[in-house]
Amino acid sequence: MAVASLERFFMASRMMCMLVLLYAVLPPKGPARTRWTPQHFWGQQSAYAGSRACQGCHANLYKIQEASNHARSLRPLKEIEKITSCLPFRLMDPSSQTELFLSRKPDGNIELSVRKDGKEDQIILEWAFGAGAKGITPVGRRDNGQFVEGRLSWYETLGTFDLTAGARERIAQDISESLGRSLGEEERSRCFGCHTTGSTAESPIPKREEMGIRCERCHGPGLEHIRSMASGNLSDRKIFHPGRLDGFSQAQLCGECHGPPPADSDFDAIRYIQQKALTVRFPSQRMVLSRCFNEADANLKCSTCHNPHANIAATRTHYDKICLGCHRLEVRKRSAVCPVAKDNCVSCHMPKGRVMVHSEFTDHWIRATRAGVTTETKDSLK
Ligand code: HEC
Ligand code: HEC
Ligand code: HEC
Ligand code: HEC
Ligand code: HEC
Ligand code: HEC
Ligand code: HEC
């Protein structure tokens, strides 16, 4: 019993570590609605089956999910065509006048080396964070075990490398800092925590198939479910089904990584989100500000618009249908109809903004804005 609760406490603190990054942006306060808490996932490492175990019975879903950006959000760097096809790559770091050189070694490994005033240093970059929809940041490990976020990242909009977000402002003090930013143990465990399924404090880097966001990251441990289903007892499925969560709770689940939504009564946090264009990066935080979310009879959920197992469905008609499900004449008593246009709703009401260097995000705070988020955000570009 003591061991179990100790373990639960440990797991809980690990989860908290993962959240620190986002909570640092937005300190959470007293809950007004019931917060979704993933307690039932904690301390149950032995109850995880691994995503491959789901393949046999959920073959189609598995195939789609495996190819998604969620599943590919962490991979070994040397597996990635987009990266290897750009090598070798050379860049003079304008902030420190250091030459950065990325190349492929004969054994296939990818090395970043730096050279300045006759001094040099190098590191093997092993892991690729990001599926490549927007960008890929490589992470490596020094001989002494220290993790390093590479000073160069690959960007989809450029089709090649440039300085990693934030690197321009962080002028390297010595040659080895020119390779990238050292990650402390806590930050390292947050990075792997959000980009993997099976990461634990003792073994941050999970098996290949659990790199990336896989089944049990959202559904919790699956061993009991598999036993129950295999025995033919379909009535008790023994697995967490996030489709049954209400809109706010689902925003919390997705918001573990996509930004925790503020409680109704947390006016400071709400004001912060409204005023900071940078929070456009966190859809869970912005969506809950929308009148569509707060005033509709049926909850607007992440899964109303997104298939959580697949990549984004990028057609206008997909979203138009959803908007018009509430905003049409027949249901006008409850929801107004647009006086301006009859289709392509998201182009005006969910505009995209360039809130990070080289990448755009969609504003999930659905409302009538004329300028979109682009103009508000110019100042916060990094
Ligand atoms: C032995 C076959 C089998 C395996 C292996 C299996 N499932 Fe299932 N699963 C089922 C069956 C059968 C259902 C009920 C299907 C239905 O009602 O359409 C189901 C339903 C589900 C549901 C919906 C639960 C609900 O309450 O309706 C989820 C979520 C789920 N599975 C996830 C998983 C995950 C994650 C894995 C891997 C860890 C997995 N399954 C492995 C057979 C299996
Ligand atoms: C464990 C962290 C985590 C959780 C939980 C999570 N996501 Fe994500 N999500 C990510 C990461 C990381 C990416 C970026 C993948 C990449 O590099 O392109 C992403 C990308 C996405 C994308 C973009 C996919 C595309 O086509 O490029 C959507 C949409 C999305 N997530 C929706 C959701 C929804 C909905 C939920 C909840 C059901 C959810 N996410 C839960 C981490 C998470
Ligand atoms: C709180 C969870 C969380 C942590 C911690 C985290 N990420 Fe992410 N990461 C995400 C989510 C969610 C996305 C997709 C949406 C976005 O970019 O905000 C993402 C996307 C990315 C992308 C793809 C580019 C992009 O902007 O979509 C890269 C590269 C990346 N992360 C690298 C890292 C690195 C390196 C670390 C550690 C220094 C890290 N992440 C820590 C959640 C996280
Ligand atoms: C990013 C979080 C996330 C990941 C990763 C994820 N799921 Fe799901 N899953 C959900 C959500 C949310 C729903 C509810 C969808 C809805 O209500 O439309 C769901 C529903 C389901 C269902 C029941 C409904 C259906 O669509 O048939 C099954 C079965 C399922 N998931 C299995 C899996 C398996 C197997 C994997 C891994 C291959 C997986 N899920 C990965 C979030 C996730
Ligand atoms: C679940 C139902 C529902 C869905 C789906 C929905 N809305 Fe709404 N929306 C509402 C309700 C309710 C309001 C409150 C005002 C009203 O009754 O018209 C609202 C308000 C709005 C407003 C006015 C906001 C303001 O600040 O005054 C806009 C603009 C809007 N919605 C656009 C959209 C668009 C675009 C979509 C699709 C991306 C969408 N809505 C999807 C229910 C919904
Ligand atoms: C009313 C529909 C709607 C809802 C609800 C919704 N999204 Fe989106 N989401 C979109 C649209 C539209 C895009 C842009 C799609 C495109 O680029 O083709 C998008 C894009 C994204 C992206 C990709 C990065 C970006 O900003 O472009 C992520 C991640 C994402 N959504 C997560 C979420 C999460 C998490 C939730 C729940 C909190 C959610 N979404 C709820 C419509 C929605
Ligand atoms: C060309 C840009 C554009 C497109 C496309 C567009 N809208 Fe609008 N919408 C606006 C503007 C601007 C307003 C504010 C009008 C005003 O206040 O006079 C508005 C207002 C609204 C309102 C609030 C109406 C009210 O009386 O409170 C709703 C709801 C809405 N739009 C829904 C939609 C839906 C649903 C779609 C897709 C079918 C859509 N819009 C397409 C620009 C657009």
# chains A, B, ... in the order shown; residues from 1 in each chain; ligands from 1
$ residues_around --residues "Val114 (chain A)" --least-positions-apart "3" --cutoff "9 Å" --atoms "only C-alpha atoms" --output "ChimeraX atom specification"
/A:98-102,119-122,175-176,178-179
$ residues_near_ligand --ligand "ligand 4" --cutoff "7 Å" --atoms "only C-alpha atoms and all ligand atoms" --output "list in words"
Ser51, Cys54, Gln55, His58, Leu61, Tyr62, Gln65, Glu66, His70, Ile213, Arg214, Cys215, Glu216, Arg217, Cys218, His219, His241, Pro242, Gly243, Arg244, Cys254, Ser303, Thr304, Asn307, Pro308 and His309 of chain A
$ residues_near_ligand --ligand "ligand 2" --cutoff "8 Å" --atoms "only C-alpha atoms and all ligand atoms" --output "NGL selection string"
:A and (68-74 or 129-136 or 193-197 or 212-213 or 217-218 or 242 or 250-251 or 253-258 or 302-303 or 306-308 or 310-313)
$ write_last_selection --atoms "C-alpha atoms" --output "short mmCIF file (atom, residue, chain, number, x, y, z; two decimals), in the first residue's frame"
data_model
loop_
_atom_site.label_atom_id
_atom_site.label_comp_id
_atom_site.auth_asym_id
_atom_site.auth_seq_id
_atom_site.Cartn_x
_atom_site.Cartn_y
_atom_site.Cartn_z
CA SER A 68 -0.42 10.71 -37.89
CA ASN A 69 1.72 13.61 -36.74
CA HIS A 70 0.89 12.66 -33.16
CA ALA A 71 2.53 9.26 -33.63
CA ARG A 72 5.47 10.83 -35.46
CA SER A 73 6.10 13.69 -33.06
CA LEU A 74 9.27 11.94 -31.84
CA PHE A 129 11.02 16.45 -32.04
CA GLY A 130 8.12 17.41 -34.31
CA ALA A 131 6.62 15.44 -37.17
CA GLY A 132 7.63 18.05 -39.71
CA ALA A 133 4.17 19.56 -40.27
CA LYS A 134 5.64 22.80 -38.96
CA GLY A 135 9.16 21.98 -37.93
CA ILE A 136 11.67 19.53 -36.50
CA GLY A 193 6.88 13.54 -21.57
CA CYS A 194 4.78 15.51 -24.07
CA HIS A 195 6.25 13.93 -27.19
CA THR A 196 6.09 10.25 -26.20
CA THR A 197 3.82 7.64 -24.67
CA GLY A 212 5.36 9.86 -30.29
CA ILE A 213 1.79 10.12 -28.99
CA ARG A 217 -1.25 8.36 -24.00
CA CYS A 218 -4.93 9.29 -24.37
CA PRO A 242 -12.34 10.34 -24.03
CA GLN A 250 -11.72 17.04 -23.25
CA ALA A 251 -10.04 20.43 -23.62
CA LEU A 253 -7.10 16.16 -21.71
CA CYS A 254 -5.80 17.61 -24.98
CA GLY A 255 -4.63 20.65 -23.03
CA GLU A 256 -2.10 18.58 -21.11
CA CYS A 257 -0.03 19.31 -24.18
CA HIS A 258 -2.04 21.92 -26.13
CA CYS A 302 -11.96 19.19 -29.84
CA SER A 303 -13.31 16.00 -31.37
CA HIS A 306 -10.77 16.91 -35.24
CA ASN A 307 -10.41 13.19 -35.60
CA PRO A 308 -8.00 12.59 -32.72
CA ALA A 310 -5.72 11.35 -37.88
CA ASN A 311 -4.14 14.50 -39.22
CA ILE A 312 -6.17 17.62 -39.83
CA ALA A 313 -8.98 17.44 -42.38
#
$ residues_near_ligand --ligand "ligand 1" --cutoff "8 Å" --atoms "only C-alpha atoms and all ligand atoms" --output "ChimeraX atom specification"
/A:48-58,215-216,219-223,225-232,234,236-242
$ write_last_selection --atoms "C-alpha atoms" --output "PDB file, in the first residue's frame"
ATOM      1  CA  TYR A  48       0.308  -0.673 -20.284  1.00  0.00           C
ATOM      2  CA  ALA A  49       0.185  -3.015 -23.261  1.00  0.00           C
ATOM      3  CA  GLY A  50       2.014  -0.918 -25.874  1.00  0.00           C
ATOM      4  CA  SER A  51       0.370   0.365 -29.052  1.00  0.00           C
ATOM      5  CA  ARG A  52       1.244  -2.721 -31.114  1.00  0.00           C
ATOM      6  CA  ALA A  53      -1.059  -4.751 -28.897  1.00  0.00           C
ATOM      7  CA  CYS A  54      -3.999  -2.675 -30.174  1.00  0.00           C
ATOM      8  CA  GLN A  55      -3.250  -3.403 -33.810  1.00  0.00           C
ATOM      9  CA  GLY A  56      -4.832  -6.836 -34.036  1.00  0.00           C
ATOM     10  CA  CYS A  57      -8.369  -5.769 -33.092  1.00  0.00           C
ATOM     11  CA  HIS A  58      -8.323  -2.084 -34.157  1.00  0.00           C
ATOM     12  CA  CYS A 215      -2.919   4.923 -28.039  1.00  0.00           C
ATOM     13  CA  GLU A 216      -2.321   4.708 -24.309  1.00  0.00           C
ATOM     14  CA  HIS A 219      -6.693   6.060 -23.451  1.00  0.00           C
ATOM     15  CA  GLY A 220      -4.620   5.040 -20.449  1.00  0.00           C
ATOM     16  CA  PRO A 221      -3.374   1.527 -19.785  1.00  0.00           C
ATOM     17  CA  GLY A 222      -4.860  -1.139 -22.065  1.00  0.00           C
ATOM     18  CA  LEU A 223      -3.881  -4.548 -20.657  1.00  0.00           C
ATOM     19  CA  HIS A 225      -9.154  -4.024 -21.738  1.00  0.00           C
ATOM     20  CA  ILE A 226      -7.385  -6.509 -23.963  1.00  0.00           C
ATOM     21  CA  ARG A 227      -7.900  -9.320 -21.438  1.00  0.00           C
ATOM     22  CA  SER A 228     -11.538  -8.453 -21.094  1.00  0.00           C
ATOM     23  CA  MET A 229     -12.163  -8.152 -24.855  1.00  0.00           C
ATOM     24  CA  ALA A 230     -10.233 -11.348 -25.624  1.00  0.00           C
ATOM     25  CA  SER A 231     -12.378 -13.225 -23.115  1.00  0.00           C
ATOM     26  CA  GLY A 232     -15.472 -12.032 -24.981  1.00  0.00           C
ATOM     27  CA  LEU A 234     -17.813  -6.932 -24.275  1.00  0.00           C
ATOM     28  CA  ASP A 236     -17.252  -4.052 -19.461  1.00  0.00           C
ATOM     29  CA  ARG A 237     -14.665  -2.520 -21.747  1.00  0.00           C
ATOM     30  CA  LYS A 238     -12.244  -1.466 -19.023  1.00  0.00           C
ATOM     31  CA  ILE A 239     -10.659   1.352 -20.961  1.00  0.00           C
ATOM     32  CA  PHE A 240     -10.936   5.115 -20.862  1.00  0.00           C
ATOM     33  CA  HIS A 241     -13.063   6.586 -23.672  1.00  0.00           C
ATOM     34  CA  PRO A 242     -12.345  10.335 -24.031  1.00  0.00           C
TER      35      PRO A 242
END
$ residues_near_ligand --ligand "ligand 7" --cutoff "8 Å" --atoms "only C-alpha atoms and all ligand atoms" --output "PyMOL selection string"
chain A and resi 320+323-324+326-328+335-349+367-370
$ write_last_selection --atoms "C-alpha atoms" --output "compact mmCIF listing (two decimals), in the first residue's frame"
# COMPACT_ATOMS: atom_id res chain seq x y z
CA ASP A 320 -18.56 24.76 -42.82
CA CYS A 323 -20.47 25.70 -38.11
CA LEU A 324 -23.74 25.51 -40.01
CA CYS A 326 -25.56 25.50 -35.23
CA HIS A 327 -25.56 28.68 -37.35
CA ARG A 328 -28.40 28.22 -39.81
CA SER A 335 -27.63 30.90 -32.95
CA ALA A 336 -27.25 33.86 -35.29
CA VAL A 337 -26.53 33.49 -38.98
CA CYS A 338 -23.64 35.31 -40.63
CA PRO A 339 -24.58 38.56 -42.34
CA VAL A 340 -21.37 38.50 -44.41
CA ALA A 341 -20.80 35.12 -46.06
CA LYS A 342 -22.27 31.68 -46.58
CA ASP A 343 -19.17 29.52 -46.69
CA ASN A 344 -15.49 29.22 -45.79
CA CYS A 345 -16.36 30.25 -42.24
CA VAL A 346 -12.98 29.54 -40.65
CA SER A 347 -11.10 31.80 -43.07
CA CYS A 348 -12.58 34.82 -41.26
CA HIS A 349 -13.61 33.49 -37.85
CA ARG A 367 -15.39 35.35 -33.01
CA ALA A 368 -15.91 38.15 -35.47
CA THR A 369 -12.53 39.80 -35.90
CA ARG A 370 -11.81 41.92 -38.93
$ residues_around --residues "region 157-174 of chain A" --least-positions-apart "5" --cutoff "7 Å" --atoms "only C-alpha atoms" --output "JSON, numbers by chain"
{"A": [86, 95, 96, 151, 152, 357, 358, 382]}
$ residues_around --residues "Ser85 (chain A)" --least-positions-apart "2" --cutoff "12 Å" --atoms "only C-alpha atoms" --output "list in words"
Lys78, Glu79, Ile80, Glu81, Lys82, Ile83, Leu87, Pro88, Phe89, Leu102, Ser103, Arg104, Ile110, Trp154, Gly159, Thr160 and Phe161 of chain A
$ atom_distance --atom1 "atom 9 (N, counted along the ligand's line) of ligand 5" --atom2 "CA of Pro283 (chain A)"
16.7 Å
$ select_by_dssp --residues "region 55-218 of chain A" --states "helix (DSSP H, G or I)" --output "VMD selection string"
chain A and resid 55 59 to 66 77 to 79 81 to 84 167 to 169 177 to 179 185 to 195 208 to 210 215 to 218
$ write_last_selection --atoms "C-alpha atoms" --output "compact mmCIF listing (two decimals), in the first residue's frame"
# COMPACT_ATOMS: atom_id res chain seq x y z
CA GLN A 55 -3.25 -3.40 -33.81
CA ALA A 59 -6.37 -2.54 -37.40
CA ASN A 60 -7.80 0.38 -39.40
CA LEU A 61 -7.61 2.84 -36.61
CA TYR A 62 -4.08 1.69 -35.84
CA LYS A 63 -2.97 2.24 -39.42
CA ILE A 64 -4.34 5.78 -39.52
CA GLN A 65 -2.96 6.69 -36.11
CA GLU A 66 0.49 5.29 -36.85
CA LEU A 77 16.58 11.76 -36.46
CA LYS A 78 18.45 9.63 -38.96
CA GLU A 79 15.20 7.97 -40.15
CA GLU A 81 14.15 11.89 -45.28
CA LYS A 82 13.32 15.57 -44.95
CA ILE A 83 16.39 15.93 -42.75
CA THR A 84 18.86 13.68 -44.52
CA ALA A 167 18.38 30.76 -30.40
CA ARG A 168 18.85 34.16 -32.00
CA GLU A 169 18.36 35.89 -28.64
CA GLU A 177 27.05 26.39 -26.13
CA SER A 178 27.06 27.07 -29.87
CA LEU A 179 25.88 23.49 -30.40
CA GLU A 185 16.77 17.02 -16.16
CA GLU A 186 13.35 18.51 -15.49
CA GLU A 187 12.99 20.17 -18.86
CA ARG A 188 14.28 17.08 -20.61
CA SER A 189 11.63 14.99 -18.92
CA ARG A 190 8.94 17.50 -19.93
CA CYS A 191 10.04 17.42 -23.58
CA PHE A 192 10.00 13.64 -23.76
CA GLY A 193 6.88 13.54 -21.57
CA CYS A 194 4.78 15.51 -24.07
CA HIS A 195 6.25 13.93 -27.19
CA ARG A 208 10.68 2.94 -30.84
CA GLU A 209 6.94 2.24 -31.20
CA GLU A 210 6.08 4.29 -28.10
CA CYS A 215 -2.92 4.92 -28.04
CA GLU A 216 -2.32 4.71 -24.31
CA ARG A 217 -1.25 8.36 -24.00
CA CYS A 218 -4.93 9.29 -24.37
$ closest_residue --among "A:Ala296, A:Ala263, A:Val355, A:Met287" --to "ligand 3" --atoms "only C-alpha atoms and all ligand atoms"
A:Val355
$ closest_residue --among "A:Gly353, A:Gly180, A:Gly247, A:Pro261" --to "ligand 5" --atoms "only C-alpha atoms and all ligand atoms"
A:Gly247
$ residues_around --residues "Phe361 (chain A)" --least-positions-apart "2" --cutoff "12 Å" --atoms "only C-alpha atoms" --output "PyMOL selection string"
chain A and resi 133-134+258+277-283+286+350-359+363-365+372-374+377
